[in-house]
Amino acid sequence: DKQRKVWHEEVDCMVDKLQSDIKKMKNKQRAVLKTHLQSITKLIDDLNSVIEEIKEVLSSRDVSKSLDYEGKLAEFKKLPPTLKSTFPIFTPLKVQRRELRKLFCSLTPPSITAVESTHAPKCSKPPSEPLEVLSEQCLLEEPKVVGIVETGYDFLRNVTCSHEDEFWVSNWNCEMKNIDTKGSLLKSFRTRSGEMACDVAIAKTNELFYTDVKNRTVNKFTDGYIEELIKLQNWKPLNLCITSSGDIMATMYNDAETQSKVTRYTGSTEKQTIQFDDEGKPIYSANNKIKYITENKNSDICVADWGAGAVVVVSHLGKVRFRYTGHAASSQTRPFKPRGITTDSKHQILTADHHNNCIHVIAPTGSFLRCIDNCRIENPYGISLDKSDKLFVAEFYSGKVKVIQYMK
């Protein structure tokens, strides 16, 4: 961060110097043009004086004035030159990302030393077991539905768990509801723009955050009051999550729908942008398609990139770890197009396969673990987990939220 600040200051100084040089050029050019203008103005004044003299001679009845008059027009045969001025030309050079990286820093990776543990964690084998095997040991052989909640919505998009047995939902309209697992409405509110909230997220402080594409804003709802936190220019926010540190992470696309990125905010201050890999290639599909986002317990950033047909996982520094594009062992009959995404206490990644009516469970390394396809899930969209790892699934067309137990 200190190095970033130094570089930003250097770029600011460079731009300030260029602007100062341009101002000096402008003043110098203006002085030359002003002098030239003064000479032309004087010449015009002299010409007008001569014309007045000639008129006086012509109108006089005194012949001697005509005979004695000496013409001065010869003095004006040579006119001042025409000045052609040009503007300074700024030619930006192509940014060489790799060269900039070399100039910016060198990075020595950390080392990890294994220390023998004296106890085994719950739902795990001895430490010699691969991570995928440890994850599988924690999964129920047959996931089961433990609750179904009618939200009163159709086209249900988002669900996010808040308190125990409570959650928020939103659909295609501008209203959001806070409901308990019995189906009772606890509170509701409407977005400020009157347009739908593209996504909702809950912070540890129980504050609700949502994105408003029409207004290009990220907003916070607390105690009946809506506060605008972030206002974007030339970009539109899509989906968001609240990290363990309380930061806001949002996926977004530009107005031309040719770029997509993930941006991290502390409060309303932009802290990080994730857009390109080490080779300068886009990490996410460049469009306005849904890109649900969540932070894993290991600080990885997981994005369900619907347009790319992949779950894209990067480290907290923005380095691509893996892309999961579905698995033959799942019940896929149609292309994998992930919607909602969440992570559990075992760092497992869950994502909604909308078209194939199932939930994929993925290891934190990117390996396929299982597919939850036995709970009669219909068109899953948003998903969320409560503190006890019960899975809440928003069904798009039915408007139901199904609560599923899949962990031991």
# chains A, B, ... in the order shown; residues from 1 in each chain; ligands from 1
>>> select_by_dssp(residues="segment 64-276 of chain A", states="strand (DSSP E or B)", output="PyMOL selection string")
chain A and resi 139-150+158-161+166-170+175-180+185-190+200-202+208-212+217-222+225-231+235-242+248-254+260-266+269-274+276
>>> residues_around(residues="Cys371 of chain A", least_positions_apart="3", cutoff="12 Å", atoms="only C-alpha atoms", output="MDAnalysis selection string")
chainID A and resid 136 139:143 326:332 349:353 356:363 368 374:375 377 406
>>> write_last_selection(atoms="N, CA and C atoms", output="short mmCIF file (atom, residue, chain, number, x, y, z; two decimals), in the first residue's frame")
data_model
loop_
_atom_site.label_atom_id
_atom_site.label_comp_id
_atom_site.auth_asym_id
_atom_site.auth_seq_id
_atom_site.Cartn_x
_atom_site.Cartn_y
_atom_site.Cartn_z
N GLU A 136 -15.34 -34.48 1.95
CA GLU A 136 -16.37 -35.49 1.69
C GLU A 136 -16.85 -36.15 2.98
N LEU A 139 -19.91 -34.43 4.54
CA LEU A 139 -21.15 -34.34 3.78
C LEU A 139 -22.10 -35.49 4.11
N LEU A 140 -23.38 -35.16 4.24
CA LEU A 140 -24.38 -36.20 4.39
C LEU A 140 -24.45 -37.05 3.13
N GLU A 141 -24.70 -38.32 3.32
CA GLU A 141 -24.85 -39.19 2.14
C GLU A 141 -26.06 -38.78 1.32
N GLU A 142 -27.14 -38.38 2.01
CA GLU A 142 -28.35 -37.92 1.34
C GLU A 142 -28.78 -36.57 1.93
N PRO A 143 -28.51 -35.46 1.25
CA PRO A 143 -29.01 -34.18 1.75
C PRO A 143 -30.53 -34.22 1.86
N GLY A 326 -18.03 -27.01 -14.17
CA GLY A 326 -18.98 -28.12 -14.12
C GLY A 326 -18.25 -29.45 -14.07
N HIS A 327 -19.03 -30.53 -13.93
CA HIS A 327 -18.42 -31.85 -13.80
C HIS A 327 -19.35 -32.91 -14.38
N ALA A 328 -18.75 -33.89 -15.05
CA ALA A 328 -19.54 -34.95 -15.70
C ALA A 328 -20.31 -35.79 -14.69
N ALA A 329 -19.79 -35.86 -13.46
CA ALA A 329 -20.45 -36.69 -12.44
C ALA A 329 -21.71 -36.03 -11.89
N SER A 330 -21.90 -34.74 -12.19
CA SER A 330 -23.11 -34.06 -11.73
C SER A 330 -24.27 -34.42 -12.65
N SER A 331 -25.44 -33.92 -12.32
CA SER A 331 -26.63 -34.26 -13.11
C SER A 331 -26.85 -33.25 -14.24
N GLN A 332 -25.76 -32.76 -14.82
CA GLN A 332 -25.87 -31.76 -15.88
C GLN A 332 -26.40 -32.37 -17.18
N ILE A 349 -17.16 -24.64 -1.47
CA ILE A 349 -17.86 -23.64 -2.30
C ILE A 349 -19.13 -24.28 -2.85
N LEU A 350 -20.26 -23.61 -2.69
CA LEU A 350 -21.53 -24.09 -3.23
C LEU A 350 -22.03 -23.09 -4.26
N THR A 351 -22.54 -23.58 -5.39
CA THR A 351 -23.07 -22.69 -6.41
C THR A 351 -24.33 -23.28 -7.02
N ALA A 352 -25.26 -22.41 -7.38
CA ALA A 352 -26.56 -22.84 -7.93
C ALA A 352 -26.45 -23.05 -9.43
N ASP A 353 -26.79 -24.26 -9.87
CA ASP A 353 -26.86 -24.59 -11.30
C ASP A 353 -28.32 -24.44 -11.73
N ASN A 356 -29.93 -26.82 -14.49
CA ASN A 356 -29.92 -28.25 -14.20
C ASN A 356 -30.54 -28.59 -12.84
N ASN A 357 -31.13 -27.57 -12.16
CA ASN A 357 -31.88 -27.79 -10.93
C ASN A 357 -31.09 -28.52 -9.84
N CYS A 358 -29.87 -28.04 -9.59
CA CYS A 358 -29.05 -28.67 -8.57
C CYS A 358 -28.05 -27.67 -8.00
N ILE A 359 -27.36 -28.10 -6.95
CA ILE A 359 -26.33 -27.29 -6.30
C ILE A 359 -25.01 -28.06 -6.37
N HIS A 360 -23.97 -27.43 -6.93
CA HIS A 360 -22.65 -28.05 -6.97
C HIS A 360 -21.90 -27.72 -5.69
N VAL A 361 -21.26 -28.75 -5.09
CA VAL A 361 -20.38 -28.55 -3.93
C VAL A 361 -18.95 -28.79 -4.40
N ILE A 362 -18.10 -27.77 -4.21
CA ILE A 362 -16.74 -27.79 -4.75
C ILE A 362 -15.76 -27.65 -3.60
N ALA A 363 -14.65 -28.40 -3.65
CA ALA A 363 -13.60 -28.25 -2.65
C ALA A 363 -12.90 -26.91 -2.84
N PHE A 368 -14.47 -31.21 -7.78
CA PHE A 368 -15.89 -31.50 -7.61
C PHE A 368 -16.07 -32.48 -6.46
N ASN A 374 -31.14 -34.17 -5.11
CA ASN A 374 -32.20 -35.09 -4.67
C ASN A 374 -33.28 -34.36 -3.86
N CYS A 375 -33.25 -33.04 -3.83
CA CYS A 375 -34.18 -32.29 -2.97
C CYS A 375 -35.27 -31.58 -3.77
N ILE A 377 -35.13 -29.45 -6.12
CA ILE A 377 -34.88 -28.01 -6.29
C ILE A 377 -35.28 -27.62 -7.70
N TYR A 406 -27.10 -30.49 4.41
CA TYR A 406 -26.24 -31.34 3.58
C TYR A 406 -24.95 -31.73 4.31
#
>>> closest_residue(among="A:Gln275, A:Pro338, A:Tyr284, A:Thr333", to="Gly309 of chain A", atoms="only C-alpha atoms")
A:Pro338
>>> residues_around(residues="Gly246 of chain A", least_positions_apart="5", cutoff="10 Å", atoms="only C-alpha atoms", output="ChimeraX atom specification")
/A:203-205,241,265-267
>>> atom_distance(atom1="atom CA of Arg101 of chain A", atom2="atom CA of Gln272 of chain A")
16.2 Å
>>> residues_around(residues="segment 162-174 of chain A", least_positions_apart="3", cutoff="7 Å", atoms="only C-alpha atoms", output="PyMOL selection string")
chain A and resi 153+155-159+177-181+190-191+194-197+202+206+386
>>> residues_around(residues="segment 396-404 of chain A", least_positions_apart="2", cutoff="7 Å", atoms="only C-alpha atoms", output="list in words")
Pro143, Lys144, Val145, Val146, Gly147, Ile148, Val149, Glu150, Thr151, Gly152, Tyr153, Asp154, Phe155, Leu156, Arg157, Asn379, Pro380, Tyr381, Lys390, Leu391, Phe392, Val393, Ala394 and Tyr406 of chain A
>>> residues_around(residues="Ser85 of chain A", least_positions_apart="6", cutoff="10 Å", atoms="only C-alpha atoms", output="VMD selection string")
chain A and resid 29 to 30 33
>>> closest_residue(among="A:Trp7, A:Tyr69, A:Phe104, A:Phe76", to="Asp46 of chain A", atoms="only C-alpha atoms")
A:Phe76
>>> atom_distance(atom1="atom CA of Lys94 of chain A", atom2="atom CA of Lys26 of chain A")
26.6 Å
>>> closest_residue(among="A:Ile293, A:Thr269, A:Leu67, A:Asp277", to="Pro237 of chain A", atoms="only C-alpha atoms")
A:Ile293
>>> select_by_dssp(residues="segment 66-259 of chain A", states="alpha helix (DSSP H)", output="list in words")
Ser66, Leu67, Asp68, Arg97, Arg98, Glu99, Leu100, Arg101, Lys102, Leu103, Phe104, Leu131, Glu132, Val133, Leu134, Ser135, Glu136 and Gln137 of chain A
>>> write_last_selection(atoms="N, CA, C and O atoms", output="short mmCIF file (atom, residue, chain, number, x, y, z; two decimals), in the first residue's frame")
data_model
loop_
_atom_site.label_atom_id
_atom_site.label_comp_id
_atom_site.auth_asym_id
_atom_site.auth_seq_id
_atom_site.Cartn_x
_atom_site.Cartn_y
_atom_site.Cartn_z
N SER A 66 -3.95 68.93 -53.85
CA SER A 66 -3.85 67.73 -54.70
C SER A 66 -2.49 67.65 -55.35
O SER A 66 -1.90 66.57 -55.47
N LEU A 67 -1.97 68.80 -55.80
CA LEU A 67 -0.67 68.79 -56.48
C LEU A 67 0.46 68.47 -55.50
O LEU A 67 1.43 67.81 -55.86
N ASP A 68 0.31 68.96 -54.27
CA ASP A 68 1.39 68.75 -53.30
C ASP A 68 1.29 67.41 -52.55
O ASP A 68 2.22 67.02 -51.83
N ARG A 97 2.59 -3.86 -18.89
CA ARG A 97 2.27 -4.33 -17.54
C ARG A 97 3.43 -5.12 -16.91
O ARG A 97 3.73 -4.95 -15.72
N ARG A 98 4.03 -5.99 -17.68
CA ARG A 98 5.10 -6.81 -17.11
C ARG A 98 6.28 -5.96 -16.69
O ARG A 98 6.88 -6.17 -15.63
N GLU A 99 6.65 -4.98 -17.53
CA GLU A 99 7.76 -4.10 -17.20
C GLU A 99 7.43 -3.27 -15.96
O GLU A 99 8.29 -3.05 -15.10
N LEU A 100 6.18 -2.79 -15.87
CA LEU A 100 5.77 -2.02 -14.69
C LEU A 100 5.87 -2.88 -13.43
O LEU A 100 6.31 -2.41 -12.38
N ARG A 101 5.45 -4.14 -13.54
CA ARG A 101 5.50 -5.05 -12.39
C ARG A 101 6.95 -5.22 -11.92
O ARG A 101 7.24 -5.21 -10.72
N LYS A 102 7.89 -5.37 -12.88
CA LYS A 102 9.30 -5.53 -12.52
C LYS A 102 9.83 -4.28 -11.82
O LYS A 102 10.64 -4.37 -10.89
N LEU A 103 9.40 -3.12 -12.30
CA LEU A 103 9.84 -1.86 -11.69
C LEU A 103 9.19 -1.64 -10.33
O LEU A 103 9.78 -0.99 -9.45
N PHE A 104 7.97 -2.16 -10.16
CA PHE A 104 7.21 -1.89 -8.93
C PHE A 104 7.79 -2.64 -7.73
O PHE A 104 7.95 -2.07 -6.65
N LEU A 131 -7.37 -32.85 1.15
CA LEU A 131 -8.42 -31.92 1.54
C LEU A 131 -9.78 -32.33 0.99
O LEU A 131 -10.80 -32.18 1.65
N GLU A 132 -9.80 -32.87 -0.25
CA GLU A 132 -11.06 -33.29 -0.84
C GLU A 132 -11.71 -34.42 -0.03
O GLU A 132 -12.92 -34.46 0.15
N VAL A 133 -10.88 -35.33 0.47
CA VAL A 133 -11.39 -36.45 1.26
C VAL A 133 -11.96 -35.95 2.58
O VAL A 133 -13.02 -36.36 3.04
N LEU A 134 -11.24 -34.99 3.20
CA LEU A 134 -11.72 -34.42 4.46
C LEU A 134 -13.08 -33.76 4.26
O LEU A 134 -13.97 -33.86 5.11
N SER A 135 -13.25 -33.06 3.13
CA SER A 135 -14.52 -32.39 2.85
C SER A 135 -15.64 -33.41 2.68
O SER A 135 -16.75 -33.24 3.19
N GLU A 136 -15.34 -34.48 1.95
CA GLU A 136 -16.37 -35.49 1.69
C GLU A 136 -16.85 -36.15 2.98
O GLU A 136 -18.00 -36.54 3.11
N GLN A 137 -15.94 -36.27 3.97
CA GLN A 137 -16.31 -36.91 5.23
C GLN A 137 -17.37 -36.10 5.98
O GLN A 137 -18.07 -36.63 6.83
#
>>> closest_residue(among="A:Thr35, A:Leu208, A:Asn215, A:Lys236", to="Arg192 of chain A", atoms="only C-alpha atoms")
A:Asn215
>>> atom_distance(atom1="atom CA of Thr263 of chain A", atom2="atom CA of Thr342 of chain A")
18.1 Å
>>> decode(residues="segment 297-308 of chain A", atoms="all heavy atoms", output="compact mmCIF listing (two decimals), in the first residue's frame")
# COMPACT_ATOMS: atom_id res chain seq x y z
N LYS A 297 -13.69 -18.67 3.56
CA LYS A 297 -13.06 -18.52 4.88
C LYS A 297 -11.54 -18.44 4.79
O LYS A 297 -10.88 -17.96 5.71
CB LYS A 297 -13.44 -19.72 5.77
CG LYS A 297 -14.94 -19.90 5.97
CD LYS A 297 -15.60 -18.70 6.60
CE LYS A 297 -17.09 -18.93 6.86
NZ LYS A 297 -17.87 -19.02 5.61
N ASN A 298 -10.95 -18.91 3.67
CA ASN A 298 -9.50 -18.80 3.47
C ASN A 298 -9.13 -17.50 2.73
O ASN A 298 -8.01 -17.36 2.24
CB ASN A 298 -8.98 -20.01 2.68
CG ASN A 298 -9.63 -20.13 1.31
OD1 ASN A 298 -10.43 -19.28 0.91
ND2 ASN A 298 -9.31 -21.19 0.59
N SER A 299 -10.09 -16.58 2.63
CA SER A 299 -9.91 -15.24 2.01
C SER A 299 -9.92 -15.27 0.48
O SER A 299 -9.76 -14.22 -0.15
CB SER A 299 -8.62 -14.56 2.49
OG SER A 299 -8.67 -14.33 3.87
N ASP A 300 -10.12 -16.45 -0.13
CA ASP A 300 -10.29 -16.49 -1.58
C ASP A 300 -11.57 -15.76 -1.97
O ASP A 300 -12.54 -15.72 -1.21
CB ASP A 300 -10.37 -17.94 -2.08
CG ASP A 300 -9.02 -18.61 -2.14
OD1 ASP A 300 -8.01 -17.92 -1.92
OD2 ASP A 300 -8.96 -19.83 -2.40
N ILE A 301 -11.56 -15.19 -3.17
CA ILE A 301 -12.73 -14.47 -3.69
C ILE A 301 -13.34 -15.33 -4.79
O ILE A 301 -12.68 -15.64 -5.79
CB ILE A 301 -12.33 -13.08 -4.22
CG1 ILE A 301 -11.69 -12.27 -3.10
CG2 ILE A 301 -13.53 -12.35 -4.79
CD1 ILE A 301 -10.82 -11.14 -3.58
N CYS A 302 -14.59 -15.73 -4.60
CA CYS A 302 -15.25 -16.67 -5.51
C CYS A 302 -16.36 -15.95 -6.27
O CYS A 302 -17.24 -15.33 -5.65
CB CYS A 302 -15.84 -17.84 -4.74
SG CYS A 302 -14.69 -18.60 -3.55
N VAL A 303 -16.34 -16.05 -7.60
CA VAL A 303 -17.34 -15.40 -8.44
C VAL A 303 -18.01 -16.43 -9.33
O VAL A 303 -17.33 -17.21 -10.01
CB VAL A 303 -16.71 -14.29 -9.31
CG1 VAL A 303 -17.72 -13.74 -10.31
CG2 VAL A 303 -16.17 -13.17 -8.44
N ALA A 304 -19.35 -16.47 -9.30
CA ALA A 304 -20.11 -17.33 -10.21
C ALA A 304 -20.35 -16.53 -11.50
O ALA A 304 -21.27 -15.73 -11.58
CB ALA A 304 -21.43 -17.75 -9.58
N ASP A 305 -19.49 -16.76 -12.49
CA ASP A 305 -19.52 -15.99 -13.73
C ASP A 305 -20.47 -16.67 -14.72
O ASP A 305 -20.08 -17.58 -15.45
CB ASP A 305 -18.10 -15.89 -14.31
CG ASP A 305 -17.99 -14.88 -15.44
OD1 ASP A 305 -19.03 -14.56 -16.06
OD2 ASP A 305 -16.88 -14.42 -15.71
N TRP A 306 -21.72 -16.21 -14.72
CA TRP A 306 -22.74 -16.81 -15.58
C TRP A 306 -22.35 -16.74 -17.05
O TRP A 306 -22.52 -17.70 -17.80
CB TRP A 306 -24.08 -16.10 -15.34
CG TRP A 306 -25.25 -16.66 -16.08
CD1 TRP A 306 -26.09 -17.64 -15.67
CD2 TRP A 306 -25.71 -16.26 -17.38
NE1 TRP A 306 -27.05 -17.88 -16.62
CE2 TRP A 306 -26.85 -17.06 -17.68
CE3 TRP A 306 -25.28 -15.33 -18.31
CZ2 TRP A 306 -27.55 -16.93 -18.88
CZ3 TRP A 306 -25.98 -15.21 -19.51
CH2 TRP A 306 -27.10 -16.00 -19.78
N GLY A 307 -21.82 -15.60 -17.49
CA GLY A 307 -21.46 -15.43 -18.90
C GLY A 307 -20.36 -16.36 -19.35
O GLY A 307 -20.33 -16.79 -20.50
N ALA A 308 -19.44 -16.68 -18.43
CA ALA A 308 -18.31 -17.57 -18.77
C ALA A 308 -18.65 -19.03 -18.52
O ALA A 308 -17.90 -19.92 -18.95
CB ALA A 308 -17.08 -17.18 -17.97
